[in-house]
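Chemist: target-v6.txt is reproduced below (compact mmCIF, C-alpha atoms).
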```txt
# COMPACT_ATOMS: atom_id res chain seq x y z
CA MET A 129 101.13 135.22 97.82
CA ASN A 130 98.75 136.08 100.64
CA ASP A 131 96.82 132.92 99.84
CA LEU A 132 99.93 130.80 100.41
CA GLY A 133 100.28 132.19 103.92
CA SER A 134 96.56 131.81 104.57
CA GLY A 135 96.71 128.17 103.50
CA LEU A 136 99.53 127.52 105.96
CA GLY A 137 97.44 129.30 108.58
CA TYR A 138 94.65 126.72 108.20
CA LEU A 139 97.17 123.94 108.79
CA VAL A 140 98.39 125.65 111.95
CA LYS A 141 94.82 126.28 113.15
CA GLY A 142 93.98 122.61 112.70
CA GLN A 143 96.97 121.50 114.75
CA ARG A 144 96.07 123.98 117.48
CA TRP A 145 92.49 122.71 117.53
CA VAL A 146 93.46 119.08 118.19
CA LEU A 147 96.02 120.12 120.80
CA ARG A 148 93.26 121.95 122.65
CA HIS A 149 91.04 118.89 122.35
CA GLY A 150 93.38 116.12 123.44
CA ARG A 151 90.76 113.36 123.40
CA TRP A 152 90.09 113.97 119.72
CA PHE A 153 93.81 114.07 118.98
CA GLY A 154 94.24 110.57 120.40
CA PHE A 155 91.08 109.41 118.64
CA GLY A 156 92.43 110.63 115.29
CA LEU A 157 95.82 108.94 115.70
CA LEU A 158 94.55 105.38 115.44
CA PRO A 159 93.96 105.12 111.64
CA GLY A 160 97.35 106.67 110.87
CA LEU A 161 99.20 104.25 113.14
CA ILE A 162 97.63 101.28 111.38
CA THR A 163 98.47 102.62 107.92
CA LEU A 164 101.99 103.65 108.93
CA VAL A 165 103.00 100.09 109.79
CA VAL A 166 101.95 98.89 106.32
CA TYR A 167 103.65 101.76 104.47
CA ALA A 168 106.88 101.54 106.45
CA GLY A 169 107.27 97.93 105.35
CA ALA A 170 106.59 98.86 101.72
CA LEU A 171 109.16 101.70 101.70
CA VAL A 172 111.80 99.52 103.33
CA GLY A 173 111.23 96.96 100.60
CA LEU A 174 111.51 99.68 97.95
CA GLY A 175 114.76 100.89 99.49
CA TYR A 176 116.29 97.44 99.25
CA GLY A 177 114.97 96.65 95.77
CA ALA A 178 115.24 99.95 93.88
CA ASP A 179 118.85 99.43 92.79
CA ASP A 180 118.10 95.93 91.45
CA PHE A 181 115.11 97.29 89.54
CA VAL A 182 117.19 100.07 87.97
CA ALA A 183 119.94 97.62 86.99
CA TRP A 184 117.34 95.40 85.33
CA ALA A 185 115.75 98.38 83.52
CA THR A 186 119.06 99.75 82.14
CA PRO A 187 120.91 96.82 80.51
CA PHE A 188 122.19 99.22 77.84
CA ALA A 189 124.49 100.78 80.46
CA ASP A 190 126.30 97.52 81.30
CA GLY A 191 129.08 98.19 78.83
CA TRP A 192 129.63 101.86 79.70
CA SER A 193 132.98 102.91 81.09
CA SER A 194 133.40 103.99 84.71
CA PRO A 195 132.02 106.12 86.30
CA TRP A 196 129.08 106.68 83.92
CA THR A 197 127.24 103.45 84.67
CA GLY A 198 127.35 104.09 88.41
CA LEU A 199 126.33 107.73 88.06
CA LEU A 200 123.34 106.91 85.85
CA ARG A 201 122.07 104.09 88.03
CA THR A 202 122.61 105.99 91.26
CA ALA A 203 120.60 108.94 89.91
CA LEU A 204 117.84 106.66 88.65
CA THR A 205 117.74 104.71 91.92
CA ALA A 206 117.29 107.97 93.81
CA LEU A 207 114.58 109.00 91.35
CA VAL A 208 112.72 105.70 91.79
CA PHE A 209 112.78 106.10 95.56
CA VAL A 210 111.61 109.74 95.29
CA LEU A 211 108.75 108.60 93.07
CA GLY A 212 107.91 105.93 95.64
CA LEU A 213 107.84 108.57 98.38
CA PHE A 214 105.70 110.79 96.13
CA LEU A 215 103.15 108.02 95.68
CA ALA A 216 103.35 107.08 99.36
CA VAL A 217 102.52 110.63 100.43
CA ILE A 218 99.44 110.71 98.20
CA THR A 219 98.19 107.20 98.86
CA PHE A 220 98.93 107.37 102.59
CA THR A 221 96.26 110.02 103.02
CA ALA A 222 93.78 108.20 100.81
CA VAL A 223 94.27 104.87 102.57
CA THR A 224 94.30 106.44 106.03
CA LEU A 225 91.10 108.34 105.29
CA LEU A 226 89.49 105.14 104.05
CA VAL A 227 90.60 103.15 107.09
CA GLY A 228 89.66 105.99 109.42
CA GLN A 229 86.43 107.14 107.74
CA PRO A 230 84.28 106.85 110.90
CA PHE A 231 87.04 108.43 113.01
CA TYR A 232 87.63 111.42 110.77
CA GLU A 233 83.95 112.01 110.06
CA SER A 234 83.36 112.33 113.80
CA LEU A 235 86.43 114.55 114.21
CA SER A 236 85.40 116.82 111.34
CA GLU A 237 81.86 117.13 112.69
CA GLU A 238 83.20 118.04 116.12
CA VAL A 239 85.39 120.77 114.58
CA GLU A 240 82.37 122.27 112.84
CA ARG A 241 80.29 121.99 116.01
CA SER A 242 82.95 123.84 118.00
CA GLU A 243 83.09 126.60 115.37
CA GLY A 244 79.33 127.16 115.44
CA GLY A 245 76.82 127.13 112.63
CA GLU A 246 75.22 124.17 110.92
CA VAL A 247 76.89 120.79 111.24
CA HIS A 248 76.36 119.01 107.94
CA GLU A 249 75.70 115.27 107.84
CA SER A 250 75.62 113.09 104.76
CA GLY A 251 72.71 111.00 105.96
CA LEU A 252 74.25 107.97 104.22
CA PRO A 253 74.96 104.59 105.80
CA LEU A 254 78.62 103.92 106.58
CA TRP A 255 79.10 101.41 103.77
CA ARG A 256 77.90 103.99 101.20
CA GLU A 257 80.26 106.61 102.59
CA LEU A 258 83.15 104.14 102.39
CA TRP A 259 82.24 103.23 98.82
CA ILE A 260 82.06 106.87 97.69
CA SER A 261 85.29 107.72 99.51
CA ALA A 262 87.12 104.73 97.98
CA ARG A 263 85.84 105.50 94.49
CA ASP A 264 86.81 109.16 94.69
CA SER A 265 90.24 108.22 96.04
CA VAL A 266 90.81 105.94 93.06
CA ARG A 267 89.87 108.77 90.70
CA ILE A 268 92.30 111.11 92.45
CA LEU A 269 95.06 108.50 92.41
CA LEU A 270 94.59 107.99 88.67
CA ARG A 271 95.16 111.70 88.17
CA VAL A 272 98.22 111.53 90.42
CA ALA A 273 99.53 108.51 88.51
CA LEU A 274 99.40 110.48 85.25
CA PHE A 275 101.41 113.27 86.85
CA GLY A 276 103.78 110.69 88.32
CA ILE A 277 104.45 109.08 84.94
CA ALA A 278 105.11 112.47 83.34
CA LEU A 279 107.42 113.52 86.17
CA PHE A 280 109.26 110.19 86.06
CA ALA A 281 109.90 110.68 82.34
CA CYS A 282 111.08 114.26 82.93
CA GLY A 283 113.43 112.92 85.60
CA PHE A 284 115.76 111.71 82.83
CA ILE A 285 116.43 115.31 81.78
CA PRO A 286 119.83 116.33 83.18
CA VAL A 287 119.74 118.91 86.02
CA VAL A 288 116.02 119.62 85.55
CA GLY A 289 115.15 116.06 86.49
CA GLN A 290 117.03 116.34 89.78
CA THR A 291 115.87 119.88 90.75
CA VAL A 292 112.68 121.14 89.11
CA VAL A 293 110.91 117.77 88.88
CA PRO A 294 111.05 116.98 92.62
CA ALA A 295 109.73 120.49 93.38
CA ILE A 296 106.81 120.03 91.01
CA GLY A 297 106.18 116.60 92.53
CA VAL A 298 105.86 118.12 96.00
CA CYS A 299 103.38 120.72 94.69
CA VAL A 300 101.29 118.03 93.01
CA SER A 301 101.38 115.95 96.20
CA GLY A 302 100.34 118.92 98.31
CA TYR A 303 97.46 119.88 96.05
CA PHE A 304 95.90 116.44 95.97
CA LEU A 305 96.57 115.93 99.69
CA ALA A 306 94.47 119.02 100.32
CA GLU A 307 91.73 117.65 98.05
CA GLU A 308 91.63 114.34 99.91
CA LEU A 309 91.48 116.02 103.31
CA THR A 310 88.90 118.67 102.47
CA GLY A 311 86.82 115.91 100.89
CA VAL A 312 85.83 114.73 104.38
CA ALA A 313 83.89 117.95 105.03
CA LEU A 314 82.85 118.69 101.43
CA GLN A 315 81.43 115.23 100.81
CA ARG A 316 79.11 115.70 103.78
CA ARG A 317 77.82 118.84 102.05
CA GLY A 318 76.76 116.84 99.02
CA LEU A 319 79.59 117.97 96.74
CA ALA A 320 80.70 115.36 94.23
CA LEU A 321 84.36 115.09 93.24
CA LYS A 322 84.08 117.25 90.13
CA LYS A 323 82.53 120.12 92.10
CA ARG A 324 85.10 119.75 94.87
CA LEU A 325 87.95 120.02 92.37
CA GLY A 326 86.31 123.07 90.83
CA LEU A 327 85.93 124.74 94.22
CA LEU A 328 89.60 124.13 95.10
CA GLY A 329 90.74 125.17 91.64
CA ARG A 330 89.46 128.71 92.21
CA ARG A 331 91.95 129.17 95.08
CA ARG A 332 94.96 127.12 93.99
CA LEU A 333 97.52 129.13 95.95
CA LEU A 334 95.44 128.79 99.11
CA VAL A 335 95.21 125.04 98.57
CA LEU A 336 98.96 124.78 97.88
CA GLY A 337 99.72 126.83 100.98
CA PHE A 338 97.84 124.22 103.01
CA GLY A 339 98.96 121.09 101.18
CA VAL A 340 102.62 121.64 100.28
CA PRO A 341 103.94 122.08 103.86
CA LEU A 342 101.90 119.05 104.83
CA ALA A 343 103.33 117.01 101.94
CA LEU A 344 106.88 118.00 102.94
CA SER A 345 106.27 117.11 106.58
CA PHE A 346 104.83 113.74 105.55
CA LEU A 347 108.25 112.85 104.12
CA VAL A 348 109.62 112.75 107.67
CA PRO A 349 109.08 109.30 109.24
CA PHE A 350 106.20 109.10 111.73
CA VAL A 351 105.31 112.80 111.36
CA ALA A 352 102.33 112.04 109.11
CA VAL A 353 100.63 109.99 111.82
CA PHE A 354 100.80 112.80 114.38
CA LEU A 355 99.77 115.51 111.93
CA MET A 356 96.78 113.70 110.44
CA PRO A 357 94.22 114.62 113.16
CA GLY A 358 95.19 118.29 112.92
CA ALA A 359 95.30 118.09 109.11
CA VAL A 360 91.69 116.86 109.06
CA ALA A 361 90.70 119.63 111.48
CA GLY A 362 92.48 122.29 109.41
CA ALA A 363 91.02 120.96 106.16
CA THR A 364 87.54 121.16 107.70
CA LEU A 365 88.10 124.82 108.58
CA LEU A 366 89.44 125.43 105.06
CA ALA A 367 86.47 123.70 103.46
CA ARG A 368 83.98 125.71 105.54
CA ASP A 369 85.50 129.00 104.46
CA LEU A 370 85.83 127.97 100.81
CA VAL A 371 82.15 127.09 100.65
CA ASP A 372 81.10 130.24 102.51
CA ALA A 373 83.26 132.49 100.32
CA GLY A 374 82.70 130.72 97.02
CA ALA A 375 79.96 128.87 95.22
CA ALA A 376 77.06 127.66 97.33
CA PRO A 377 77.01 123.90 97.79
CA ALA A 378 74.38 121.66 96.31
CA PRO A 379 71.61 120.66 98.70
CA ASP A 380 72.74 117.90 101.03
CA GLY A 381 72.72 114.57 99.28
CA VAL A 382 71.68 115.88 95.84
CA ALA A 383 75.06 115.62 94.14
CA LEU A 384 75.88 112.33 95.81
CA THR A 385 72.49 110.88 94.91
CA LYS A 386 72.95 111.89 91.29
CA GLU A 387 76.47 110.47 91.28
CA ARG A 388 75.32 107.19 92.78
CA GLY A 389 72.69 106.94 90.07
CA THR A 390 75.34 107.15 87.37
CA ALA A 391 77.85 104.87 89.12
```
Just dump the structure as structure tokens.

Modeler:
Amino acid sequence: MNDLGSGLGYLVKGQRWVLRHGRWFGFGLLPGLITLVVYAGALVGLGYGADDFVAWATPFADGWSSPWTGLLRTALTALVFVLGLFLAVITFTAVTLLVGQPFYESLSEEVERSEGGEVHESGLPLWRELWISARDSVRILLRVALFGIALFACGFIPVVGQTVVPAIGVCVSGYFLAEELTGVALQRRGLALKKRLGLLGRRRLLVLGFGVPLALSFLVPFVAVFLMPGAVAGATLLARDLVDAGAAPAPDGVALTKERGTA
């Protein structure tokens, strides 16, 4: 349980860091603002179309007596929208990190510089960093999609589907949010995706303590944009301590070079 509190502490430390460095806070807002406009439009469209989709997907309920048809479709409409929010939380970070790669790399490096010690650099051109980031994000999203399908299916289970499933969904969202955000600092250290997941897997409660509150806050409109700079800063601090306390990283560029050779 201590790890859960420590994970939350990293999130708070990151927010404090950007508030003390106002210029970097403003710098880190730009990618999130761009992505927010796109996602807001998509969620509005989902809100208007979810009920029509559920009605199309459940023709067997057309002949049911009242109120069972309405109850079923209302529950499923809510579930579809929750699933959409679940996917939005995960993909928002991935897309924002991709759009803001140069911004967040600079922010993460500045955090490490302010904390002292070696400031790692990937040594890769920007287009290679974008390619690796995009490819890793797709791999993460595929994992999330598998969880999403399983959770959507479990959503049909009475009571459990409306209570336990959303809670598990938030935990899954938080875990992979933390992976995406720590990836900014860990990728610079030459850690490929498989090694990053292994490193985080050794301290799951710590990762959940960081990611779950962030995932919950991202459900509030506009909050994600303002928390992203601090989330990147906090994830950088988390990544530094995970590497220092856990397995030593591969030499800079080794894992990425090997991965590029097999891509």

Chemist: With 6 Å on each side, where is the centre of the axis-aligned box around all listed atoms of range 259-271 of chain A, and how long are its edges in Å to one decimal, as lines of an AutoDock Vina configuration file?

Modeler:
```
center_x = 88.6
center_y = 107.5
center_z = 93.8
size_x = 25.1
size_y = 20.5
size_z = 23.3
```

Chemist: Between A:Phe181, A:Tyr176, A:Phe209, A:Phe231, which is the closest to Pro357 in chain A once you count all atoms listed in the file?

Modeler: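 Closest residue, counting all atoms listed in the file: A:Phe231.
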
Chemist: Just how far from CA of Thr219 in chain A is CA of Ile260 in chain A, in Å to one decimal?

Modeler: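 Interatomic distance, CA of Ile260 in chain A to CA of Thr219 in chain A: 16.2 Å.
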
Chemist: What does the structure give for the distance between CA of Gly160 in chain A and CA of Leu270 in chain A, in Å to one decimal?

Modeler: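 Computing the Euclidean distance for CA of Gly160 in chain A and CA of Leu270 in chain A yields 22.4 Å.
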
Chemist: So that I can check the surroundings of Ala343 in chain A, please list as number ranges by chain every protein, DNA and RNA residue that reaches within 9 Å of it, counting all atoms listed in the file and ignoring chain neighbours fewer than 5 positions away.

Modeler: A: 214, 217-218, 298-299, 301-303, 305, 352

Chemist: Kindly extract all protein, DNA and RNA residues lying within 12 Å of the coordinates (97.2, 116.9, 96.6) given in the file, considering all atoms listed in the file, and supply them as a ChimeraX atom specification.

Modeler: /A:214-222,265,268-269,271-273,275,296-311,325,328-329,332,335-344

Chemist: So how far away is CA of Val239 in chain A from CA of Val351 in chain A, in Å?

Modeler: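 Pair CA of Val351 in chain A / CA of Val239 in chain A returns 21.7 Å.
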
Chemist: Please list as a short mmCIF file (atom, residue, chain, number, x, y, z; two decimals) with C-alpha atoms, keeping the file's coordinate frame every residue within 12 Å of His149 in chain A, counting only C-alpha atoms and excluding residues in the same chain fewer than 2 positions away.

Modeler:
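Result file follows (part_1.cif):
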```cif
data_model
loop_
_atom_site.label_atom_id
_atom_site.label_comp_id
_atom_site.auth_asym_id
_atom_site.auth_seq_id
_atom_site.Cartn_x
_atom_site.Cartn_y
_atom_site.Cartn_z
CA GLY A 142 93.98 122.61 112.70
CA GLN A 143 96.97 121.50 114.75
CA ARG A 144 96.07 123.98 117.48
CA TRP A 145 92.49 122.71 117.53
CA VAL A 146 93.46 119.08 118.19
CA LEU A 147 96.02 120.12 120.80
CA ARG A 151 90.76 113.36 123.40
CA TRP A 152 90.09 113.97 119.72
CA PHE A 153 93.81 114.07 118.98
CA GLY A 154 94.24 110.57 120.40
CA PHE A 155 91.08 109.41 118.64
CA GLY A 156 92.43 110.63 115.29
CA LEU A 235 86.43 114.55 114.21
CA GLU A 238 83.20 118.04 116.12
CA VAL A 239 85.39 120.77 114.58
CA SER A 242 82.95 123.84 118.00
CA PRO A 357 94.22 114.62 113.16
CA GLY A 358 95.19 118.29 112.92
CA ALA A 361 90.70 119.63 111.48
#
```

Chemist: Residues around (91.8, 129.4, 96.8), cut-off 10 Å, counting all atoms listed in the file - what are they as a list in words?

Modeler: Asp131, Leu132, Ser134, Gly135, Leu327, Leu328, Gly329, Arg330, Arg331, Arg332, Leu333, Leu334, Val335, Leu336, Gly337, Leu366, Asp369, Leu370, Ala373 and Gly374 of chain A

Chemist: With distances taken over all atoms listed in the file, which residue among A:Gly198, A:Asn130, A:Val348, A:Leu136 lies nearest Ala168 in chain A?

Modeler: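 Of A:Gly198, A:Asn130, A:Val348, A:Leu136, the one nearest Ala168 in chain A, counting all atoms listed in the file, is A:Val348.
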
Chemist: Considering all atoms listed in the file, state which residue in the set A:Ala206, A:Glu240, A:Leu226, A:Phe350 is at the smallest distance from Phe280 in chain A.

Modeler: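 Residue with the minimum atom-to-atom distance to Phe280 in chain A: A:Ala206.
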
Chemist: Give me the residues within 12 Å of Val371 in chain A as number ranges by chain, counting all atoms listed in the file and dropping any in the same chain fewer than 6 places off.

Modeler: A: 310, 313-315, 317-319, 323-324, 326-328, 330-331, 364-365, 377-378

Chemist: So which one's closest to Gly276 in chain A, A:Gly212, A:Gly289, A:Gly228, A:Gly173? Using all atoms listed in the file, please.

Modeler: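 Under the stated criterion, the closest residue is A:Gly212.
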
Chemist: Working from the structure I just supplied, which lacks atoms in range 208-222 of chain A, can you model N, CA, C and O atoms there and output them as a PDB file, in the coordinates of the input?

Modeler:
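Output below, filename rebuild24.pdb:
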```pdb
ATOM      1  N   VAL A 208     113.731 106.716  91.518  1.00  0.00           N
ATOM      2  CA  VAL A 208     112.720 105.700  91.790  1.00  0.00           C
ATOM      3  C   VAL A 208     112.230 105.800  93.234  1.00  0.00           C
ATOM      4  O   VAL A 208     111.037 105.739  93.526  1.00  0.00           O
ATOM      5  N   PHE A 209     113.171 106.000  94.150  1.00  0.00           N
ATOM      6  CA  PHE A 209     112.780 106.100  95.560  1.00  0.00           C
ATOM      7  C   PHE A 209     111.984 107.377  95.814  1.00  0.00           C
ATOM      8  O   PHE A 209     111.007 107.379  96.573  1.00  0.00           O
ATOM      9  N   VAL A 210     112.370 108.490  95.160  1.00  0.00           N
ATOM     10  CA  VAL A 210     111.610 109.740  95.290  1.00  0.00           C
ATOM     11  C   VAL A 210     110.202 109.558  94.751  1.00  0.00           C
ATOM     12  O   VAL A 210     109.216 110.029  95.355  1.00  0.00           O
ATOM     13  N   LEU A 211     110.076 108.871  93.627  1.00  0.00           N
ATOM     14  CA  LEU A 211     108.750 108.600  93.070  1.00  0.00           C
ATOM     15  C   LEU A 211     107.940 107.744  94.037  1.00  0.00           C
ATOM     16  O   LEU A 211     106.735 107.962  94.222  1.00  0.00           O
ATOM     17  N   GLY A 212     108.603 106.755  94.658  1.00  0.00           N
ATOM     18  CA  GLY A 212     107.910 105.930  95.640  1.00  0.00           C
ATOM     19  C   GLY A 212     107.425 106.754  96.824  1.00  0.00           C
ATOM     20  O   GLY A 212     106.291 106.568  97.302  1.00  0.00           O
ATOM     21  N   LEU A 213     108.254 107.679  97.293  1.00  0.00           N
ATOM     22  CA  LEU A 213     107.840 108.570  98.380  1.00  0.00           C
ATOM     23  C   LEU A 213     106.679 109.462  97.937  1.00  0.00           C
ATOM     24  O   LEU A 213     105.731 109.702  98.696  1.00  0.00           O
ATOM     25  N   PHE A 214     106.764 109.954  96.702  1.00  0.00           N
ATOM     26  CA  PHE A 214     105.700 110.790  96.130  1.00  0.00           C
ATOM     27  C   PHE A 214     104.373 110.051  96.150  1.00  0.00           C
ATOM     28  O   PHE A 214     103.343 110.567  96.602  1.00  0.00           O
ATOM     29  N   LEU A 215     104.376 108.813  95.677  1.00  0.00           N
ATOM     30  CA  LEU A 215     103.150 108.020  95.680  1.00  0.00           C
ATOM     31  C   LEU A 215     102.711 107.661  97.093  1.00  0.00           C
ATOM     32  O   LEU A 215     101.517 107.613  97.396  1.00  0.00           O
ATOM     33  N   ALA A 216     103.689 107.429  97.980  1.00  0.00           N
ATOM     34  CA  ALA A 216     103.350 107.080  99.360  1.00  0.00           C
ATOM     35  C   ALA A 216     102.656 108.245 100.051  1.00  0.00           C
ATOM     36  O   ALA A 216     101.692 108.048 100.805  1.00  0.00           O
ATOM     37  N   VAL A 217     103.134 109.464  99.811  1.00  0.00           N
ATOM     38  CA  VAL A 217     102.520 110.630 100.430  1.00  0.00           C
ATOM     39  C   VAL A 217     101.052 110.768 100.012  1.00  0.00           C
ATOM     40  O   VAL A 217     100.161 111.005 100.833  1.00  0.00           O
ATOM     41  N   ILE A 218     100.809 110.589  98.705  1.00  0.00           N
ATOM     42  CA  ILE A 218      99.440 110.710  98.200  1.00  0.00           C
ATOM     43  C   ILE A 218      98.566 109.568  98.690  1.00  0.00           C
ATOM     44  O   ILE A 218      97.477 109.776  99.232  1.00  0.00           O
ATOM     45  N   THR A 219      99.034 108.341  98.518  1.00  0.00           N
ATOM     46  CA  THR A 219      98.190 107.200  98.860  1.00  0.00           C
ATOM     47  C   THR A 219      98.059 107.020 100.361  1.00  0.00           C
ATOM     48  O   THR A 219      97.061 106.462 100.828  1.00  0.00           O
ATOM     49  N   PHE A 220      99.043 107.489 101.135  1.00  0.00           N
ATOM     50  CA  PHE A 220      98.930 107.370 102.590  1.00  0.00           C
ATOM     51  C   PHE A 220      97.669 108.066 103.080  1.00  0.00           C
ATOM     52  O   PHE A 220      96.911 107.526 103.893  1.00  0.00           O
ATOM     53  N   THR A 221      97.451 109.279 102.602  1.00  0.00           N
ATOM     54  CA  THR A 221      96.260 110.020 103.020  1.00  0.00           C
ATOM     55  C   THR A 221      94.996 109.312 102.585  1.00  0.00           C
ATOM     56  O   THR A 221      94.042 109.177 103.364  1.00  0.00           O
ATOM     57  N   ALA A 222      94.972 108.861 101.319  1.00  0.00           N
ATOM     58  CA  ALA A 222      93.780 108.200 100.810  1.00  0.00           C
ATOM     59  C   ALA A 222      93.459 106.934 101.605  1.00  0.00           C
ATOM     60  O   ALA A 222      92.308 106.705 102.005  1.00  0.00           O
TER      61      ALA A 222
END
```
